[in-house]
$ cat model.tsv   # TSV, C-alpha atoms
chain	number	residue	atom	x	y	z
A	1391	MET	CA	114.73	114.27	120.78
A	1392	HIS	CA	112.05	113.47	118.21
A	1393	SER	CA	108.48	113.05	119.31
A	1394	ASP	CA	106.64	109.89	118.29
A	1395	ASN	CA	104.64	111.89	115.75
A	1396	GLU	CA	107.83	113.17	114.09
A	1397	THR	CA	109.28	109.66	113.95
A	1398	ILE	CA	106.08	108.27	112.45
A	1399	ARG	CA	105.87	110.99	109.81
A	1400	ALA	CA	109.58	110.68	108.95
A	1401	SER	CA	109.23	106.91	108.38
A	1402	ILE	CA	106.16	107.36	106.20
A	1403	ARG	CA	107.84	110.16	104.20
A	1404	THR	CA	110.94	108.03	103.62
A	1405	SER	CA	108.79	105.10	102.48
A	1406	ILE	CA	106.86	107.34	100.09
A	1407	ALA	CA	110.11	108.80	98.72
A	1408	VAL	CA	111.48	105.35	97.88
A	1409	LYS	CA	108.21	104.33	96.23
A	1410	THR	CA	108.19	107.59	94.26
A	1411	SER	CA	111.68	106.74	93.01
A	1412	LEU	CA	110.36	103.37	91.83
A	1413	LEU	CA	107.41	105.04	90.14
A	1414	GLU	CA	109.68	107.37	88.18
A	1415	ASP	CA	112.20	104.66	87.18
A	1416	ASP	CA	111.31	103.53	83.64
A	1417	ALA	CA	113.87	100.72	83.79
A	1418	ILE	CA	112.32	98.99	86.81
A	1419	VAL	CA	108.83	99.46	85.37
A	1420	GLN	CA	110.00	97.60	82.24
A	1421	GLN	CA	111.72	94.95	84.36
A	1422	LEU	CA	108.48	94.30	86.25
A	1423	SER	CA	106.67	93.78	82.97
A	1424	ASP	CA	109.41	91.42	81.73
A	1425	VAL	CA	109.42	89.41	84.98
A	1426	ALA	CA	105.64	89.01	84.85
A	1427	TRP	CA	105.86	87.70	81.27
A	1428	LYS	CA	108.56	85.21	82.28
A	1429	ILE	CA	106.26	83.88	85.02
A	1430	VAL	CA	103.30	83.69	82.63
A	1431	TYR	CA	105.36	81.73	80.08
A	1432	SER	CA	106.60	79.38	82.79
A	1433	ILE	CA	103.14	78.65	84.19
A	1434	ARG	CA	101.64	78.20	80.70
A	1435	SER	CA	104.43	75.71	79.93
A	1436	GLY	CA	103.83	73.63	83.06
A	1437	GLY	CA	106.46	75.39	85.19
A	1438	LYS	CA	106.26	76.81	88.67
A	1439	LEU	CA	107.44	79.73	90.74
A	1440	VAL	CA	109.94	79.03	93.54
A	1441	LEU	CA	110.72	81.79	96.04
A	1442	MET	CA	113.32	82.05	98.79
A	1443	GLY	CA	114.71	84.46	101.33
A	1444	ASN	CA	115.74	84.80	104.97
A	1445	GLY	CA	113.95	86.53	107.84
A	1446	GLY	CA	111.63	89.24	106.54
A	1447	SER	CA	112.50	88.19	103.01
A	1448	ALA	CA	111.36	84.64	103.86
A	1449	ALA	CA	108.05	86.10	104.99
A	1450	ASP	CA	107.80	88.05	101.71
A	1451	ALA	CA	108.60	84.88	99.73
A	1452	GLN	CA	105.91	82.95	101.60
A	1453	HIS	CA	103.40	85.80	101.17
A	1454	LEU	CA	103.96	85.98	97.41
A	1455	ALA	CA	103.80	82.19	96.97
A	1456	ALA	CA	100.41	82.32	98.71
A	1457	GLU	CA	99.19	85.00	96.27
A	1458	PHE	CA	99.87	82.57	93.42
A	1459	THR	CA	98.46	79.39	94.94
A	1460	GLY	CA	95.48	81.17	96.45
A	1461	ARG	CA	94.41	84.33	94.71
A	1462	TYR	CA	95.50	87.92	94.42
A	1463	LEU	CA	92.64	90.11	93.14
A	1464	VAL	CA	90.40	87.71	91.20
A	1465	ASP	CA	89.07	84.19	91.60
A	1466	ARG	CA	90.98	81.95	89.22
A	1467	THR	CA	92.76	78.65	88.89
A	1468	PRO	CA	95.57	78.33	91.43
A	1469	TRP	CA	99.10	78.50	90.04
A	1470	PRO	CA	102.05	76.42	91.23
A	1471	ALA	CA	104.30	78.38	93.58
A	1472	LEU	CA	106.26	77.44	96.66
A	1473	CYS	CA	108.45	79.08	99.26
A	1474	LEU	CA	111.61	77.14	100.18
A	1475	SER	CA	111.77	78.51	103.72
A	1476	GLY	CA	108.26	77.25	104.50
A	1477	ASN	CA	109.25	73.64	105.24
A	1478	SER	CA	110.91	74.00	108.64
A	1479	SER	CA	111.84	70.29	108.79
A	1480	ALA	CA	113.69	70.50	105.47
A	1481	VAL	CA	115.40	73.77	106.39
A	1482	THR	CA	116.58	72.54	109.79
A	1483	ALA	CA	117.60	69.07	108.58
A	1484	ILE	CA	119.61	70.46	105.66
A	1485	ALA	CA	121.17	73.16	107.87
A	1486	ASN	CA	122.11	70.52	110.45
A	1487	ASP	CA	123.46	67.96	107.96
A	1488	TYR	CA	124.97	70.15	105.23
A	1489	GLY	CA	125.13	73.71	106.54
A	1490	TYR	CA	122.85	76.72	106.33
A	1491	ASP	CA	124.34	77.85	103.02
A	1492	LEU	CA	122.66	74.87	101.32
A	1493	VAL	CA	119.13	75.04	102.81
A	1494	PHE	CA	117.63	76.37	99.56
A	1495	ALA	CA	120.06	74.80	97.06
A	1496	ARG	CA	119.33	71.24	98.24
A	1497	GLN	CA	115.58	71.79	97.98
A	1498	LEU	CA	115.93	73.36	94.54
A	1499	GLU	CA	118.01	70.39	93.39
A	1500	ALA	CA	115.06	68.17	94.35
A	1501	LEU	CA	112.17	70.36	93.21
A	1502	GLY	CA	113.37	72.68	90.43
A	1503	LYS	CA	113.33	72.01	86.71
A	1504	ALA	CA	114.14	73.82	83.49
A	1505	GLY	CA	111.57	76.49	82.73
A	1506	ASP	CA	110.65	77.14	86.36
A	1507	VAL	CA	111.17	80.65	87.76
A	1508	ALA	CA	113.34	81.10	90.87
A	1509	ILE	CA	112.97	84.37	92.78
A	1510	GLY	CA	115.63	85.12	95.36
A	1511	ILE	CA	114.82	87.89	97.84
A	1512	SER	CA	117.64	89.54	99.78
A	1513	THR	CA	117.85	93.17	100.89
A	1514	SER	CA	121.67	93.10	100.57
A	1515	GLY	CA	121.73	90.82	97.54
A	1516	ASN	CA	124.48	88.85	99.30
A	1517	SER	CA	122.64	86.08	101.19
A	1518	GLU	CA	124.89	83.09	100.58
A	1519	ASN	CA	122.12	80.48	100.78
A	1520	VAL	CA	120.05	82.37	98.19
A	1521	LEU	CA	123.07	82.78	95.92
A	1522	ARG	CA	123.87	79.05	96.16
A	1523	ALA	CA	120.28	78.23	95.20
A	1524	LEU	CA	120.48	80.61	92.23
A	1525	ASP	CA	123.58	78.70	91.08
A	1526	VAL	CA	121.49	75.51	91.12
A	1527	ALA	CA	118.70	77.32	89.26
A	1528	ARG	CA	121.18	78.37	86.54
A	1529	GLU	CA	122.49	74.81	86.21
A	1530	LYS	CA	118.92	73.51	85.84
A	1531	GLY	CA	117.92	76.08	83.21
A	1532	MET	CA	115.53	77.97	85.46
A	1533	VAL	CA	114.74	81.66	85.02
A	1534	ARG	CA	116.53	83.58	87.82
A	1535	ILE	CA	115.03	86.75	89.30
A	1536	GLY	CA	116.41	88.79	92.20
A	1537	MET	CA	114.81	91.32	94.52
A	1538	THR	CA	117.39	93.42	96.38
A	1539	GLY	CA	118.28	96.86	97.66
A	1540	ARG	CA	120.09	99.59	95.76
A	1541	SER	CA	123.42	97.85	95.01
A	1542	GLY	CA	122.01	94.50	93.98
A	1543	GLY	CA	124.97	92.87	95.71
A	1544	LYS	CA	126.23	89.61	94.23
A	1545	MET	CA	122.68	88.78	93.19
A	1546	ALA	CA	122.84	91.41	90.44
A	1547	LYS	CA	125.23	89.14	88.52
A	1548	ALA	CA	123.58	85.86	89.60
A	1549	THR	CA	120.19	86.70	88.06
A	1550	GLU	CA	118.75	87.52	84.66
A	1551	GLN	CA	116.63	90.31	86.14
A	1552	CYS	CA	117.47	92.04	89.42
A	1553	LEU	CA	114.74	94.30	90.79
A	1554	ARG	CA	116.76	96.81	92.84
A	1555	VAL	CA	114.89	98.99	95.30
A	1556	PRO	CA	116.61	102.40	95.42
A	1557	SER	CA	117.33	102.36	99.15
A	1558	ASP	CA	119.93	101.10	101.61
A	1559	GLU	CA	117.47	100.84	104.54
A	1560	THR	CA	116.21	97.30	105.14
A	1561	PRO	CA	112.68	98.31	106.24
A	1562	ARG	CA	112.16	100.51	103.17
A	1563	ILE	CA	113.55	97.81	100.87
A	1564	GLN	CA	111.26	95.17	102.35
A	1565	GLU	CA	108.22	97.45	102.04
A	1566	CYS	CA	109.01	97.87	98.36
A	1567	HIS	CA	109.69	94.17	97.79
A	1568	ILE	CA	106.13	93.33	98.75
A	1569	LEU	CA	104.87	96.20	96.54
A	1570	LEU	CA	106.88	94.89	93.58
A	1571	GLY	CA	105.64	91.36	94.27
A	1572	HIS	CA	102.05	92.56	94.32
A	1573	VAL	CA	102.53	94.41	91.02
A	1574	ILE	CA	103.91	91.20	89.48
A	1575	CYS	CA	100.91	89.23	90.82
A	1576	GLU	CA	98.50	91.72	89.30
A	1577	LEU	CA	100.27	91.65	85.93
A	1578	VAL	CA	100.31	87.85	85.86
A	1579	GLU	CA	96.60	87.69	86.72
A	1580	ARG	CA	95.77	90.14	83.94
A	1581	ARG	CA	97.83	88.18	81.38
A	1582	MET	CA	96.66	84.71	82.36
$ encode --input "model.tsv" --output "structure tokens"
Amino acid sequence: MHSDNETIRASIRTSIAVKTSLLEDDAIVQQLSDVAWKIVYSIRSGGKLVLMGNGGSAADAQHLAAEFTGRYLVDRTPWPALCLSGNSSAVTAIANDYGYDLVFARQLEALGKAGDVAIGISTSGNSENVLRALDVAREKGMVRIGMTGRSGGKMAKATEQCLRVPSDETPRIQECHILLGHVICELVERRM
């Protein structure tokens, strides 16, 4: 049986290993740069950032939306960003009336427009409600970004850029999603 100290060190080592894989992956580094530029172009053109996810991914979506509307590292003008899981009345009403698969799609139909950026966050890449919203985003002419685990799931084909964390473990993927989101925030702040 592992001691607590062994468990703690093993978790930290695994997290570091996944982040090291990201660091050494030239393709994802380029993708992060490309995604940041897409967000800059959208904001400069009057667009907004719309994020969505379930559970821990909903928390990550809300966290990143706050970095844009508040601040990340520097004081600056707030930028338009919203998290579709943040309105509990909308989520529960839509889930009750239309089904949980449409909780993000219905909101995006109402709030999204061409030129906006939609970021779907799903460790598996297969969250049906996120995929349905990305379909709406495509129909509206929005930029579609995914944040997933290693396989990318169905989201890999539903997005223009899919940031795949090289892990199959949900906690490690979620830790890296917030890291990737923070890197994007920093790049956008530098470019704006």
$ residues_around --input "model.tsv" --residues "Ala1504 in chain A" --least-positions-apart "2" --cutoff "12 Å" --atoms "only C-alpha atoms" --output "PyMOL selection string"
chain A and resi 1432+1435-1439+1498-1499+1501-1502+1506-1508+1526-1534
$ atom_distance --input "model.tsv" --atom1 "CA of Trp1427 in chain A" --atom2 "CA of Gly1446 in chain A"
26.0 Å
$ closest_atom_pairs --input "model.tsv" --of "range 1430-1500 of chain A" --to "range 1562-1575 of chain A" --cutoff "7 Å" --atoms "all atoms listed in the file" --output "Markdown table"
| residue | atom | partner | partner_atom | distance |
| --- | --- | --- | --- | --- |
| A:Asp1450 | CA | A:Ile1568 | CA | 6.3 |
| A:Leu1454 | CA | A:Gly1571 | CA | 6.5 |
| A:Tyr1462 | CA | A:Cys1575 | CA | 6.6 |
$ closest_residue --input "model.tsv" --among "A:Gln1551, A:Asn1477, A:Thr1560, A:Thr1467" --to "Gln1420 in chain A" --atoms "only C-alpha atoms"
A:Gln1551
$ residues_around --input "model.tsv" --residues "Ala1495 in chain A" --least-positions-apart "2" --cutoff "8 Å" --atoms "only C-alpha atoms" --output "list in words"
Asp1491, Leu1492, Val1493, Gln1497, Leu1498, Glu1499, Asn1519, Val1520, Arg1522, Ala1523, Leu1524, Asp1525 and Val1526 of chain A
$ closest_residue --input "model.tsv" --among "A:Gln1421, A:Ser1557, A:Gly1505, A:Phe1458" --to "Ile1406 in chain A" --atoms "all atoms listed in the file"
A:Ser1557
$ atom_distance --input "model.tsv" --atom1 "CA of Leu1577 in chain A" --atom2 "CA of Lys1547 in chain A"
25.2 Å
$ build_atoms --input "model.tsv" --residues "range 1438-1449 of chain A" --atoms "N, CA and C atoms" --output "short mmCIF file (atom, residue, chain, number, x, y, z; two decimals), keeping the file's coordinate frame"
data_model
loop_
_atom_site.label_atom_id
_atom_site.label_comp_id
_atom_site.auth_asym_id
_atom_site.auth_seq_id
_atom_site.Cartn_x
_atom_site.Cartn_y
_atom_site.Cartn_z
N LYS A 1438 106.71 76.28 87.39
CA LYS A 1438 106.26 76.81 88.67
C LYS A 1438 107.17 77.94 89.11
N LEU A 1439 106.70 78.64 90.13
CA LEU A 1439 107.44 79.73 90.74
C LEU A 1439 107.99 79.24 92.07
N VAL A 1440 109.29 79.44 92.30
CA VAL A 1440 109.94 79.03 93.54
C VAL A 1440 110.59 80.27 94.15
N LEU A 1441 110.22 80.59 95.39
CA LEU A 1441 110.72 81.79 96.04
C LEU A 1441 111.52 81.44 97.28
N MET A 1442 112.50 82.30 97.61
CA MET A 1442 113.32 82.05 98.79
C MET A 1442 113.88 83.34 99.35
N GLY A 1443 114.12 83.33 100.64
CA GLY A 1443 114.71 84.46 101.33
C GLY A 1443 114.85 84.12 102.80
N ASN A 1444 115.51 85.00 103.54
CA ASN A 1444 115.74 84.80 104.97
C ASN A 1444 115.03 85.88 105.78
N GLY A 1445 114.57 85.54 106.96
CA GLY A 1445 113.95 86.53 107.84
C GLY A 1445 112.74 87.18 107.22
N GLY A 1446 112.74 88.52 107.17
CA GLY A 1446 111.63 89.24 106.54
C GLY A 1446 111.46 88.88 105.08
N SER A 1447 112.57 88.59 104.42
CA SER A 1447 112.50 88.19 103.01
C SER A 1447 111.87 86.81 102.86
N ALA A 1448 112.04 85.94 103.86
CA ALA A 1448 111.36 84.64 103.86
C ALA A 1448 109.86 84.85 103.98
N ALA A 1449 109.48 85.79 104.84
CA ALA A 1449 108.05 86.10 104.99
C ALA A 1449 107.49 86.66 103.68
#
